Amino acid sequence: MDSDERLLALLRAGEFVSGEAIAETLGISRAAVGKRVDNLRRRGFAIAAAPRRGYRLDGEPDALTADVVATRLTTAWLGRAWRHHARVGSTNDEAAAWARAPEPAPHGAVVVADAQDAGRGRLGRKWHSPPGESLYLSVVLRPPLPPHRVPPMTLAAGVAVAEAMVAFDVTPALKWPNDVQLDGKKVAGILTEMSADLDRVHHLVVGIGVNLNTQAFPDELAAIATSVAAARGAAVARAEFAAALCARLEHWVDTFVADGAAAVVTAWKQHARFFGTRVRVTAGRDRVEGVAEDLDDDGALRLRLDDGSAYRVVAGEVSA
Ligand code: BT5
């Protein structure tokens, strides 16, 4: 932690903290405390000062810039390289370009944007990405996995999103393979893209879009999309959510790489609500209908077809 972060930690802990106590804890002079407080104010933190009582943190900036998010990050490696853009085409494209750059993005590098002009879903679909109210985040990963073992990474990201949401007082449901829902509507989506040769992954980009504070969606999404704020009835601080998501994602990526897909799949199933329901699946040219029964340990979806046979879907599209 640098000195600004140590000061923030003190202020976050409580009500007024005296300048004297701060000076003593940080081992600096009273004058230096005043300078540090001014510095934090310049960074957008609202800090009240009262004679004899000291300083109190009244508000934190909700920017997704590296310096603001860093004060909240608890990760070892994920998000320690961080790029923020006010507006991009797609954070997945920015992350992929960074991954291929002469000074390439390290494992865990993050690209975030306040808005995307060409936010993407799967199969060329669009991701609605209005400015300032939500999270559009892409992570570069360099896991030591062969390409055919990558698909559960999307499930790992789904679990991370679900756990981050639980910390914000809502109860999401995961829908295979890449949807997160609240109250039956889509609140987040994941787009995992890969650069690989036949037996080795060069890098992955895991792109995560989360509707945080969106109150009104365009007509075509109004009936099928929601946001965390709409579900909980209170706004969500984007920087806080981003840091929580990074922490959970780091955990699940580490678990996946160390222990394999089964641990991820078990956690994913705990947040799933669609087992036992009838679904239609499009997988390449195949279309089948059946009851979603379970996930196999490798993350594939197992359906029970009407003739009683089992059908495994490794990659595909599910609709109710
Ligand atoms: C997804 O695709 O759900 C993956 C979305 C990934 C978005 C992130 S944002 C950061 C990163 N950068 C990118 O460019 N992308 C990633 P899919 O399963 O294909 O779902 C797409 C469908 O979801 C659309 O066809 C719409 O029906 C719906 N949709 C679009 N925008 C939405 C939104 N903001 N909220 C809820 N649903 C939306």
# chains A, B, ... in the order shown; residues from 1 in each chain; ligands from 1
>>> select_by_dssp(residues="region 62-252 of chain A", states="helix (DSSP H, G or I)", output="PyMOL selection string")
chain A and resi 66-70+91-100+122-124+147-149+152-166+219-222+228-232+238-252
>>> write_last_selection(atoms="C-alpha atoms", output="PDB file, in the first residue's frame")
ATOM      1  CA  ALA A  66      -6.356   2.857 -12.121  1.00  0.00           C
ATOM      2  CA  ASP A  67      -5.702   5.105  -9.125  1.00  0.00           C
ATOM      3  CA  VAL A  68      -9.281   4.938  -7.833  1.00  0.00           C
ATOM      4  CA  VAL A  69      -9.732   1.208  -8.309  1.00  0.00           C
ATOM      5  CA  ALA A  70      -6.275   0.456  -6.893  1.00  0.00           C
ATOM      6  CA  THR A  91     -12.700  -3.480 -24.408  1.00  0.00           C
ATOM      7  CA  ASN A  92     -12.155  -7.028 -25.706  1.00  0.00           C
ATOM      8  CA  ASP A  93     -10.470  -5.601 -28.810  1.00  0.00           C
ATOM      9  CA  GLU A  94      -8.351  -3.222 -26.720  1.00  0.00           C
ATOM     10  CA  ALA A  95      -7.295  -6.071 -24.450  1.00  0.00           C
ATOM     11  CA  ALA A  96      -6.418  -8.327 -27.401  1.00  0.00           C
ATOM     12  CA  ALA A  97      -4.347  -5.555 -28.987  1.00  0.00           C
ATOM     13  CA  TRP A  98      -2.530  -5.020 -25.690  1.00  0.00           C
ATOM     14  CA  ALA A  99      -1.914  -8.757 -25.382  1.00  0.00           C
ATOM     15  CA  ARG A 100      -0.168  -8.701 -28.789  1.00  0.00           C
ATOM     16  CA  ARG A 122     -21.302 -13.698 -29.033  1.00  0.00           C
ATOM     17  CA  LEU A 123     -21.817 -14.520 -32.711  1.00  0.00           C
ATOM     18  CA  GLY A 124     -21.655 -10.888 -33.807  1.00  0.00           C
ATOM     19  CA  PRO A 147      -7.270 -24.752 -26.055  1.00  0.00           C
ATOM     20  CA  HIS A 148      -9.800 -27.558 -25.632  1.00  0.00           C
ATOM     21  CA  ARG A 149      -9.742 -27.043 -21.843  1.00  0.00           C
ATOM     22  CA  PRO A 152     -14.972 -23.541 -18.406  1.00  0.00           C
ATOM     23  CA  MET A 153     -13.151 -20.201 -18.059  1.00  0.00           C
ATOM     24  CA  THR A 154     -16.457 -18.601 -19.041  1.00  0.00           C
ATOM     25  CA  LEU A 155     -18.139 -20.506 -16.208  1.00  0.00           C
ATOM     26  CA  ALA A 156     -15.403 -19.352 -13.802  1.00  0.00           C
ATOM     27  CA  ALA A 157     -16.129 -15.754 -14.816  1.00  0.00           C
ATOM     28  CA  GLY A 158     -19.854 -16.382 -14.309  1.00  0.00           C
ATOM     29  CA  VAL A 159     -19.269 -17.600 -10.773  1.00  0.00           C
ATOM     30  CA  ALA A 160     -17.107 -14.547 -10.078  1.00  0.00           C
ATOM     31  CA  VAL A 161     -19.823 -12.181 -11.340  1.00  0.00           C
ATOM     32  CA  ALA A 162     -22.457 -14.009  -9.288  1.00  0.00           C
ATOM     33  CA  GLU A 163     -20.379 -13.845  -6.109  1.00  0.00           C
ATOM     34  CA  ALA A 164     -19.604 -10.169  -6.619  1.00  0.00           C
ATOM     35  CA  MET A 165     -23.339  -9.516  -7.000  1.00  0.00           C
ATOM     36  CA  VAL A 166     -24.197 -11.435  -3.847  1.00  0.00           C
ATOM     37  CA  ASP A 219     -37.033  -0.851 -26.454  1.00  0.00           C
ATOM     38  CA  GLU A 220     -35.527  -4.077 -27.756  1.00  0.00           C
ATOM     39  CA  LEU A 221     -33.946  -4.806 -24.362  1.00  0.00           C
ATOM     40  CA  ALA A 222     -36.552  -3.393 -21.988  1.00  0.00           C
ATOM     41  CA  VAL A 228     -28.092  -4.499 -10.229  1.00  0.00           C
ATOM     42  CA  ALA A 229     -29.354  -1.086  -9.099  1.00  0.00           C
ATOM     43  CA  ALA A 230     -32.857  -1.786 -10.418  1.00  0.00           C
ATOM     44  CA  ALA A 231     -32.952  -5.088  -8.536  1.00  0.00           C
ATOM     45  CA  ARG A 232     -31.614  -3.795  -5.220  1.00  0.00           C
ATOM     46  CA  ARG A 238     -18.709   0.993 -10.082  1.00  0.00           C
ATOM     47  CA  ALA A 239     -15.183   1.056  -8.684  1.00  0.00           C
ATOM     48  CA  GLU A 240     -16.279  -0.950  -5.673  1.00  0.00           C
ATOM     49  CA  PHE A 241     -18.033  -3.532  -7.826  1.00  0.00           C
ATOM     50  CA  ALA A 242     -15.061  -3.756 -10.195  1.00  0.00           C
ATOM     51  CA  ALA A 243     -12.682  -4.438  -7.316  1.00  0.00           C
ATOM     52  CA  ALA A 244     -15.003  -7.087  -5.848  1.00  0.00           C
ATOM     53  CA  LEU A 245     -15.330  -8.742  -9.255  1.00  0.00           C
ATOM     54  CA  CYS A 246     -11.560  -8.792  -9.751  1.00  0.00           C
ATOM     55  CA  ALA A 247     -11.078 -10.471  -6.370  1.00  0.00           C
ATOM     56  CA  ARG A 248     -13.593 -13.217  -7.110  1.00  0.00           C
ATOM     57  CA  LEU A 249     -12.287 -13.683 -10.648  1.00  0.00           C
ATOM     58  CA  GLU A 250      -8.724 -14.066  -9.429  1.00  0.00           C
ATOM     59  CA  HIS A 251      -9.878 -16.735  -7.006  1.00  0.00           C
ATOM     60  CA  TRP A 252     -11.778 -18.735  -9.630  1.00  0.00           C
TER      61      TRP A 252
END
>>> residues_around(residues="Thr277 (chain A)", least_positions_apart="6", cutoff="9 Å", atoms="only C-alpha atoms", output="list in words")
Gly290, Val291, Ala292, Glu293 and Ala320 of chain A
>>> select_by_dssp(residues="region 39-265 of chain A", states="strand (DSSP E or B)", output="PyMOL selection string")
chain A and resi 46-50+54-59+82-88+110-116+120+126+135-141+173-175+179-182+185-197+200-210+225
>>> residues_near_ligand(ligand="ligand 1", cutoff="9 Å", atoms="only C-alpha atoms and all ligand atoms", output="number ranges by chain")
A: 89-95, 111-113, 116-130, 134-138, 177-181, 185-192, 205-211, 214, 217, 220-222, 224-227, 317
>>> residues_around(residues="Ala300 (chain A)", least_positions_apart="3", cutoff="6 Å", atoms="only C-alpha atoms", output="PyMOL selection string")
chain A and resi 295-296+313-314
>>> closest_residue(among="A:Trp176, A:Asp183, A:Asp199, A:Ala109", to="Ala272 (chain A)", atoms="only C-alpha atoms")
A:Trp176
>>> atom_distance(atom1="CA of Pro102 (chain A)", atom2="CA of His203 (chain A)")
14.5 Å
>>> atom_distance(atom1="CA of Leu145 (chain A)", atom2="CA of Val253 (chain A)")
11.6 Å
